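**Q** One structure, pasted below without further comment.
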2 protein chains.
Amino acid sequence: MAQMRVRDRAGEMGFDPSDNGRADITADTSPTTGPNTAPTNGSGTLGKALEVLDIIAAAQHPLRFTDILAQSRQPRGTLHRQLTNLVHEDLVKVNGDHTYTAGLRLLKLAARSWSNNSLRSIAYPHIKTLQQKTGETVHLGVLNGQEVIYIDKLESRQNVRMHSQVGNVSPLYCTGVGKAILASMPPDQSALLVEGLDYHRHTPSTLYTPSLLEAELKTIRAKCGLSHDREEHEPGIYCVAHGIMHEPSGTYAGVSATAPAFRLQGDTIEIWEGLVRDCALAIAQDWADRLGPRSTE
Amino acid sequence: MAQMRVRDRAGEMGFDPSDNGRADITADTSPTTGPNTAPTNGSGTLGKALEVLDIIAAAQHPLRFTDILAQSRQPRGTLHRQLTNLVHEDLVKVNGDHTYTAGLRLLKLAARSWSNNSLRSIAYPHIKTLQQKTGETVHLGVLNGQEVIYIDKLESRQNVRMHSQVGNVSPLYCTGVGKAILASMPPDQSALLVEGLDYHRHTPSTLYTPSLLEAELKTIRAKCGLSHDREEHEPGIYCVAHGIMHEPSGTYAGVSATAPAFRLQGDTIEIWEGLVRDCALAIAQDWADRLGPRSTE
DNA sequence: GGGCGCGTTCCACATAATGGAACATGATTT
DNA sequence: AAATCATGTTCCATTATGTGGAACGCGCCC
């Protein structure tokens, strides 16, 4: 049929990673229960394969062939071959019985890319300092589509879950980093995002409408980019955040310091504000300084 | 069936970019061992795409088109379209200038699969116990091809590198987990692996030949599967490990406790041996108990 | 301005994915 | 035991999909 060639993107030289207005309608509140946050519908062979991989990786349990068949709308024959290919590439592992789970190659690949992530490595010493000064958990998050994805996390002293958050995503409208990011981008861009979000009232203090959020963003901008998550995502959890902008790559990021609300009494919050802002600005500075890393390779 | 051998690729896959010159803040002592076990040759569309993704994810710096072109043997036009596809799927991000880095989808995908990994979640309480009892770093590793990949790690202290090891790979012949795994598998299978490894003498005490390793495996089997890494991978680092076997899935894994050698004086090692063995056996037991992973959780 | 490196685009071509239908397997029922 | 069903696997004609050589546009430096 009149199959239009995919050429809407990258036509110019502009950078638009995921600019298409295609919206995923899944804003999962729980960490690991996202069915498919499809960045793009599965076009092309690669897209189809990733769609299947998404299903498998998102499942909490090993899936049988039929389970996958039910979720992907591929025909049996097609799906079977796709699975074979995925297994062959070690992206998927087929267990003794006929169940499929995510393969280890994914982890290996992600570990390497994470380790080589420039923002992460640039930010590391700074968030470490922040973590030491606050004594609490700090996060480094990046805007990705309609959500924020955490690319690093340093825990507070106590030995809680290790890196539960790295790679996990959270909503923009009810996290410190998310709001800081929104506030740090051009108003027209943020407005577009704000309108399109899928809101849920996680706690009594969640800002659960676009207008509430816009008002909040105004406040944040007035505070020069400092945002607060006042138990808006999880009850009892307070956090202070600040955006980080990198012009050359068009990336929006942010850092946050998090603590149980009761521990943030008196002027601690103000102290934190300074620490967090300093951290964010230091990262932004370092990041900007590495404009032309062309020299040593 | 006679799997049609794919196009010969003259194993020059694991091309390791120069490791020096970059003042990587978070320099790992032994991030990835050079001789890369090619997971599978890049056959099919998926394979080709992954080959490109591998190159990008492994690079410490954003790569330009030409850089990738040089490493992949694809023609210009082909490579360009593949990159376009990868970017379209958010597996690769193209920066403002024409450089490519790994996309965030990889991290998100891996995080979900990691979080849903059954061995990991089964093992977690046990390795946490082990970590608390030893007070040192513990690892959970799985055999993957010719190397061991770490799927979890608990640090002794909080301040050091966070989860540098998760997703990273290490050689079989000079790590506690690796040797424990080899010792726990059928001799003919392990012998096959032992012969095919690529040995490097990381330290003076590294077992750097198949025969040395085989002798060691015999000792380990005599000790009922307890293995020791006596500064064989990194100078000054000692570790005690034990294998974990899961019949149904055919997976070989292992746990280890690691510490600076000087801290393991006197009878500490013997105590550790008991702790590590108990931990491994407990995990194996729990794992076996979940034969029918049909139920929830 | 001419040469050159680099990224991008085009398009005839053939490879590689498609999916409906048949086959195989094993458990459950009649 | 035969019949039924649910499941996983294979086959193969069709064509959508990826291929790659060549040409184009662009910025840069002799």
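In the structure tokens, each chain is lettered A, B, ... as it comes, each chain's residues begin at 1, and ligands are numbered from 1 in order of appearance.
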Report the closest atom pair, with its distance in Å rounded to one decimal, for each residue of chain D that has an atom no farther than 12 Å from segment 6-11 of chain C; count only C-alpha atoms (C1' of nucleotides), sort by chain and then rising residue number, and write it as JSON lines.

**A**
{"residue": "D:DT19", "atom": "C1'", "partner": "C:DC11", "partner_atom": "C1'", "distance": 10.9}
{"residue": "D:DG20", "atom": "C1'", "partner": "C:DC11", "partner_atom": "C1'", "distance": 10.5}
{"residue": "D:DG21", "atom": "C1'", "partner": "C:DC11", "partner_atom": "C1'", "distance": 10.4}
{"residue": "D:DA22", "atom": "C1'", "partner": "C:DC10", "partner_atom": "C1'", "distance": 9.0}
{"residue": "D:DA23", "atom": "C1'", "partner": "C:DC10", "partner_atom": "C1'", "distance": 8.0}
{"residue": "D:DC24", "atom": "C1'", "partner": "C:DT9", "partner_atom": "C1'", "distance": 7.4}
{"residue": "D:DG25", "atom": "C1'", "partner": "C:DT8", "partner_atom": "C1'", "distance": 8.0}
{"residue": "D:DC26", "atom": "C1'", "partner": "C:DG7", "partner_atom": "C1'", "distance": 8.6}
{"residue": "D:DG27", "atom": "C1'", "partner": "C:DC6", "partner_atom": "C1'", "distance": 9.0}
{"residue": "D:DC28", "atom": "C1'", "partner": "C:DC6", "partner_atom": "C1'", "distance": 10.3}

**Q** Keeping C-alpha atoms (C1' of nucleotides) for every residue in the selection just given, could you write it to a file as a tab-separated table (two decimals), in the first residue's frame?

**A**
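Contents of selection.tsv, freshly written:
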chain	number	residue	atom	x	y	z
D	19	DT	C1'	21.55	-4.38	1.32
D	20	DG	C1'	25.43	-1.75	-0.53
D	21	DG	C1'	27.60	0.61	-4.43
D	22	DA	C1'	27.44	5.00	-6.17
D	23	DA	C1'	26.24	9.72	-6.03
D	24	DC	C1'	25.30	13.86	-3.43
D	25	DG	C1'	25.99	17.80	-0.09
D	26	DC	C1'	28.72	19.96	3.09
D	27	DG	C1'	32.36	21.95	5.64
D	28	DC	C1'	37.32	22.23	5.98

**Q** Excluding segment 277-282 of chain A and residues on its chain fewer than 5 positions from it, collect all residues at most 9 Å away from it, counting only C-alpha atoms (C1' of nucleotides), and give them as a list of chain:residue names.

**A**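 So, after excluding close chain neighbours, the residues are A:Ala123, A:His126, A:Ile127, A:Thr129, A:Leu130, A:Gly225, A:Leu226, A:Ala241, A:His242, A:Gly243, A:Ile244, A:Gly254, A:Val255, A:Ser256, A:Trp272, A:Trp287.
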
**Q** Given the selection you just returned, output its residues as a file containing N, CA and C atoms, formatted as a PDB file, in the first residue's frame.

**A**
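Result file is result-v1.pdb:
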ATOM      1  N   ALA A 123      29.666  13.070  36.793  1.00  0.00           N
ATOM      2  CA  ALA A 123      28.902  13.452  37.975  1.00  0.00           C
ATOM      3  C   ALA A 123      29.347  12.711  39.226  1.00  0.00           C
ATOM      4  N   HIS A 126      31.014  14.303  42.226  1.00  0.00           N
ATOM      5  CA  HIS A 126      30.177  15.348  42.816  1.00  0.00           C
ATOM      6  C   HIS A 126      29.034  14.764  43.649  1.00  0.00           C
ATOM      7  N   ILE A 127      28.400  13.756  43.108  1.00  0.00           N
ATOM      8  CA  ILE A 127      27.304  13.190  43.898  1.00  0.00           C
ATOM      9  C   ILE A 127      27.855  12.430  45.089  1.00  0.00           C
ATOM     10  N   THR A 129      30.379  13.492  46.835  1.00  0.00           N
ATOM     11  CA  THR A 129      30.547  14.569  47.808  1.00  0.00           C
ATOM     12  C   THR A 129      29.208  14.922  48.443  1.00  0.00           C
ATOM     13  N   LEU A 130      28.211  15.048  47.599  1.00  0.00           N
ATOM     14  CA  LEU A 130      26.882  15.394  48.109  1.00  0.00           C
ATOM     15  C   LEU A 130      26.384  14.336  49.085  1.00  0.00           C
ATOM     16  N   GLY A 225      15.664  27.064  40.169  1.00  0.00           N
ATOM     17  CA  GLY A 225      15.814  25.680  39.747  1.00  0.00           C
ATOM     18  C   GLY A 225      15.811  24.650  40.849  1.00  0.00           C
ATOM     19  N   LEU A 226      15.698  25.105  42.073  1.00  0.00           N
ATOM     20  CA  LEU A 226      15.660  24.148  43.178  1.00  0.00           C
ATOM     21  C   LEU A 226      14.250  23.600  43.342  1.00  0.00           C
ATOM     22  N   ALA A 241      16.089  18.718  45.008  1.00  0.00           N
ATOM     23  CA  ALA A 241      16.723  18.415  43.729  1.00  0.00           C
ATOM     24  C   ALA A 241      17.054  19.687  42.955  1.00  0.00           C
ATOM     25  N   HIS A 242      17.884  19.522  41.958  1.00  0.00           N
ATOM     26  CA  HIS A 242      18.239  20.633  41.075  1.00  0.00           C
ATOM     27  C   HIS A 242      18.554  20.103  39.686  1.00  0.00           C
ATOM     28  N   GLY A 243      18.154  20.851  38.676  1.00  0.00           N
ATOM     29  CA  GLY A 243      18.376  20.419  37.312  1.00  0.00           C
ATOM     30  C   GLY A 243      19.806  20.623  36.838  1.00  0.00           C
ATOM     31  N   ILE A 244      20.145  19.867  35.826  1.00  0.00           N
ATOM     32  CA  ILE A 244      21.447  20.003  35.170  1.00  0.00           C
ATOM     33  C   ILE A 244      21.189  20.022  33.674  1.00  0.00           C
ATOM     34  N   GLY A 254      19.302  15.816  36.370  1.00  0.00           N
ATOM     35  CA  GLY A 254      19.133  16.424  37.681  1.00  0.00           C
ATOM     36  C   GLY A 254      19.699  15.555  38.788  1.00  0.00           C
ATOM     37  N   VAL A 255      20.017  16.200  39.888  1.00  0.00           N
ATOM     38  CA  VAL A 255      20.468  15.457  41.065  1.00  0.00           C
ATOM     39  C   VAL A 255      19.494  15.708  42.209  1.00  0.00           C
ATOM     40  N   SER A 256      19.454  14.771  43.104  1.00  0.00           N
ATOM     41  CA  SER A 256      18.596  14.962  44.266  1.00  0.00           C
ATOM     42  C   SER A 256      19.211  14.315  45.492  1.00  0.00           C
ATOM     43  N   TRP A 272      20.659  21.825  52.761  1.00  0.00           N
ATOM     44  CA  TRP A 272      20.606  20.902  51.631  1.00  0.00           C
ATOM     45  C   TRP A 272      20.459  21.640  50.312  1.00  0.00           C
ATOM     46  N   TRP A 287      30.650  19.207  32.945  1.00  0.00           N
ATOM     47  CA  TRP A 287      30.084  18.643  31.731  1.00  0.00           C
ATOM     48  C   TRP A 287      30.313  19.569  30.549  1.00  0.00           C
TER      49      TRP A 287
END

**Q** With 8 Å as the limit and counting only C-alpha atoms (C1' of nucleotides), what residues in chain C lie close to chain A? Please list them as a list of chain:residue names.

**A**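 Every residue of chain C that passes the 8 Å test is in C:DA17, C:DT18, C:DG19.
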
**Q** Please provide the set of residues having any atom within 10 Å of DT25 of chain C, restricted to only C-alpha atoms (C1' of nucleotides), with same-chain residues fewer than 5 positions apart removed, written as a ChimeraX atom specification.

**A** /D:7-9

**Q** Suppose we keep N, CA and C atoms (P, O5', C5', C4', C3', O3' and C1' of nucleotides); can you now write the selection as a PDB file, in the first residue's frame?

**A**
ATOM      1  P    DT D   7      -2.324 -23.699  26.234  1.00  0.00           P
ATOM      2  O5'  DT D   7      -0.928 -24.069  25.564  1.00  0.00           O
ATOM      3  C5'  DT D   7      -0.062 -24.968  26.233  1.00  0.00           C
ATOM      4  C4'  DT D   7       0.896 -25.586  25.263  1.00  0.00           C
ATOM      5  C3'  DT D   7       1.829 -24.623  24.544  1.00  0.00           C
ATOM      6  O3'  DT D   7       3.030 -24.524  25.278  1.00  0.00           O
ATOM      7  C1'  DT D   7       1.149 -26.516  23.224  1.00  0.00           C
ATOM      8  P    DG D   8       4.077 -23.435  24.884  1.00  0.00           P
ATOM      9  O5'  DG D   8       4.938 -24.157  23.744  1.00  0.00           O
ATOM     10  C5'  DG D   8       5.864 -25.179  24.121  1.00  0.00           C
ATOM     11  C4'  DG D   8       6.371 -25.888  22.892  1.00  0.00           C
ATOM     12  C3'  DG D   8       7.343 -25.081  22.007  1.00  0.00           C
ATOM     13  O3'  DG D   8       8.523 -25.837  21.807  1.00  0.00           O
ATOM     14  C1'  DG D   8       5.616 -26.053  20.700  1.00  0.00           C
ATOM     15  P    DT D   9       9.739 -25.118  21.056  1.00  0.00           P
ATOM     16  O5'  DT D   9       9.587 -25.645  19.573  1.00  0.00           O
ATOM     17  C5'  DT D   9       9.585 -27.053  19.345  1.00  0.00           C
ATOM     18  C4'  DT D   9       9.321 -27.348  17.886  1.00  0.00           C
ATOM     19  C3'  DT D   9      10.227 -26.600  16.906  1.00  0.00           C
ATOM     20  O3'  DT D   9      11.071 -27.554  16.279  1.00  0.00           O
ATOM     21  C1'  DT D   9       7.963 -26.657  16.182  1.00  0.00           C
TER      22       DT D   9
END

**Q** Which of segment 54-284 of chain B end up as alpha helix (DSSP H) when DSSP is run on this backbone - answer as a ChimeraX atom specification?

**A** /B:54-58,65-71,76-88,104-116,118-134,176-184,187-196,210-222,268-284

**Q** May I ask which of the residues A:Leu69, A:Leu50, A:Ala58, A:Val177 is the closest one to chain D, counting only C-alpha atoms (C1' of nucleotides)?

**A**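 The closest residue to chain D is A:Leu69.
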
**Q** Starting from chain A, keep only residues with some atom at most 6 Å from an atom of chain B, counting only C-alpha atoms, and report them as a PDB file with C-alpha atoms, in the first residue's frame.

**A**
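Printed below is result.pdb as written:
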ATOM      1  CA  PHE A  15      18.994  16.287  17.338  1.00  0.00           C
ATOM      2  CA  THR A  32       9.241  -2.986  37.662  1.00  0.00           C
ATOM      3  CA  ALA A  57      12.298  -8.495  30.343  1.00  0.00           C
ATOM      4  CA  ALA A  58       9.272  -6.929  31.946  1.00  0.00           C
ATOM      5  CA  GLN A  60       8.344 -11.095  36.649  1.00  0.00           C
ATOM      6  CA  GLU A  89      22.012 -13.654  20.336  1.00  0.00           C
ATOM      7  CA  ASN A  95      15.198 -22.566  30.254  1.00  0.00           C
ATOM      8  CA  GLY A  96      15.037 -26.293  30.523  1.00  0.00           C
ATOM      9  CA  ALA A 102      16.035 -12.325  29.669  1.00  0.00           C
ATOM     10  CA  LEU A 106      21.568  -7.486  28.153  1.00  0.00           C
ATOM     11  CA  LEU A 107      23.134  -7.011  31.536  1.00  0.00           C
ATOM     12  CA  LYS A 108      26.632  -7.132  30.163  1.00  0.00           C
ATOM     13  CA  ALA A 110      24.109  -2.284  29.846  1.00  0.00           C
ATOM     14  CA  ALA A 111      26.912  -2.513  32.349  1.00  0.00           C
ATOM     15  CA  ARG A 112      29.420  -1.445  29.767  1.00  0.00           C
ATOM     16  CA  SER A 113      27.357   1.393  28.458  1.00  0.00           C
ATOM     17  CA  ASN A 116      31.111   4.460  29.858  1.00  0.00           C
ATOM     18  CA  GLY A 167      17.922   2.035  35.354  1.00  0.00           C
ATOM     19  CA  PRO A 248      25.552  20.526  23.296  1.00  0.00           C
ATOM     20  CA  SER A 249      23.826  17.216  23.720  1.00  0.00           C
TER      21      SER A 249
END

**Q** Once DSSP has gone over the backbone, tell me which residues of segment 215-290 of chain B are in strand (DSSP E), as a list in words.

**A**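 Put together, the selection reads Leu226, Ser227, His228, Asp229, Arg230, Ile237, Tyr238, Cys239, Val240, Ala241, His242, Gly243, Ile244, Met245, His246, Thr251, Tyr252, Ala253, Gly254, Val255, Ser256, Ala257, Thr258, Ala259 and Pro260 of chain B.
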
**Q** May I have the residues from that selection written out with C-alpha atoms, as a PDB file, in the first residue's frame?

**A**
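Saved the output as again-v5.pdb:
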ATOM      1  CA  LEU B 226      35.049 -24.654  48.039  1.00  0.00           C
ATOM      2  CA  SER B 227      37.443 -22.565  46.032  1.00  0.00           C
ATOM      3  CA  HIS B 228      39.939 -19.886  46.910  1.00  0.00           C
ATOM      4  CA  ASP B 229      41.225 -17.020  44.892  1.00  0.00           C
ATOM      5  CA  ARG B 230      44.600 -16.455  46.462  1.00  0.00           C
ATOM      6  CA  ILE B 237      42.656  -9.589  46.982  1.00  0.00           C
ATOM      7  CA  TYR B 238      41.671 -12.899  48.475  1.00  0.00           C
ATOM      8  CA  CYS B 239      38.347 -14.570  48.148  1.00  0.00           C
ATOM      9  CA  VAL B 240      36.476 -17.688  49.143  1.00  0.00           C
ATOM     10  CA  ALA B 241      33.804 -19.051  46.859  1.00  0.00           C
ATOM     11  CA  HIS B 242      31.426 -21.933  46.328  1.00  0.00           C
ATOM     12  CA  GLY B 243      29.435 -23.123  43.337  1.00  0.00           C
ATOM     13  CA  ILE B 244      25.692 -23.239  42.980  1.00  0.00           C
ATOM     14  CA  MET B 245      24.079 -25.643  40.596  1.00  0.00           C
ATOM     15  CA  HIS B 246      20.569 -25.652  39.254  1.00  0.00           C
ATOM     16  CA  THR B 251      22.733 -22.906  35.090  1.00  0.00           C
ATOM     17  CA  TYR B 252      26.008 -22.770  36.907  1.00  0.00           C
ATOM     18  CA  ALA B 253      26.548 -20.030  39.437  1.00  0.00           C
ATOM     19  CA  GLY B 254      28.550 -19.240  42.521  1.00  0.00           C
ATOM     20  CA  VAL B 255      28.952 -16.946  45.489  1.00  0.00           C
ATOM     21  CA  SER B 256      32.086 -15.498  46.918  1.00  0.00           C
ATOM     22  CA  ALA B 257      33.278 -13.407  49.797  1.00  0.00           C
ATOM     23  CA  THR B 258      36.181 -11.118  49.100  1.00  0.00           C
ATOM     24  CA  ALA B 259      38.587  -9.200  51.245  1.00  0.00           C
ATOM     25  CA  PRO B 260      42.061  -7.733  51.300  1.00  0.00           C
TER      26      PRO B 260
END

**Q** Skip DC5 of chain D itself and residues of its chain fewer than 2 positions away, then list as a ChimeraX atom specification all residues within 12 Å of it, counting only C-alpha atoms (C1' of nucleotides).

**A** /C:25-29 /D:3,7

**Q** Dump C-alpha atoms (C1' of nucleotides) for the selected residues as an mmCIF file, in the first residue's frame?

**A**
data_model
loop_
_atom_site.group_PDB
_atom_site.id
_atom_site.type_symbol
_atom_site.label_atom_id
_atom_site.label_comp_id
_atom_site.auth_asym_id
_atom_site.auth_seq_id
_atom_site.Cartn_x
_atom_site.Cartn_y
_atom_site.Cartn_z
ATOM 1 C "C1'" DT C 25 4.301 -33.951 21.220
ATOM 2 C "C1'" DG C 26 2.375 -34.916 25.510
ATOM 3 C "C1'" DA C 27 -1.124 -34.468 28.752
ATOM 4 C "C1'" DT C 28 -6.174 -35.071 29.720
ATOM 5 C "C1'" DT C 29 -10.527 -36.881 28.711
ATOM 6 C "C1'" DA D 3 -9.931 -39.078 20.644
ATOM 7 C "C1'" DT D 7 1.149 -26.516 23.224
#

**Q** Let me make sure I understand: among A:Ser190, A:Ser72, A:Ser121, A:Thr66, which one has the smallest atom-to-atom distance to Arg290 of chain A if we use only C-alpha atoms?

**A**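 Among the listed residues, the smallest separation from Arg290 of chain A belongs to A:Ser121.
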
**Q** Quick one, how far is atom CA of Lys218 of chain A from atom CA of Thr206 of chain A?

**A**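 Computing it gives 16.4 Å between the two atoms.
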
**Q** Quick one, how far is atom CA of Gly178 of chain A from atom CA of Ile283 of chain A?

**A**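 It comes out at 17.2 Å.
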
**Q** Do you have the atom CA of Leu197 of chain B-atom CA of Ile181 of chain B distance handy?

**A**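 Atom CA of Ile181 of chain B lies 14.2 Å from atom CA of Leu197 of chain B.
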
**Q** With only C-alpha atoms (C1' of nucleotides) as the atoms that count, which of B:His200, B:Lys223, B:Arg120, B:His80 lies nearest to chain D?

**A**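 That would be B:His80, the residue with the smallest distance to chain D.
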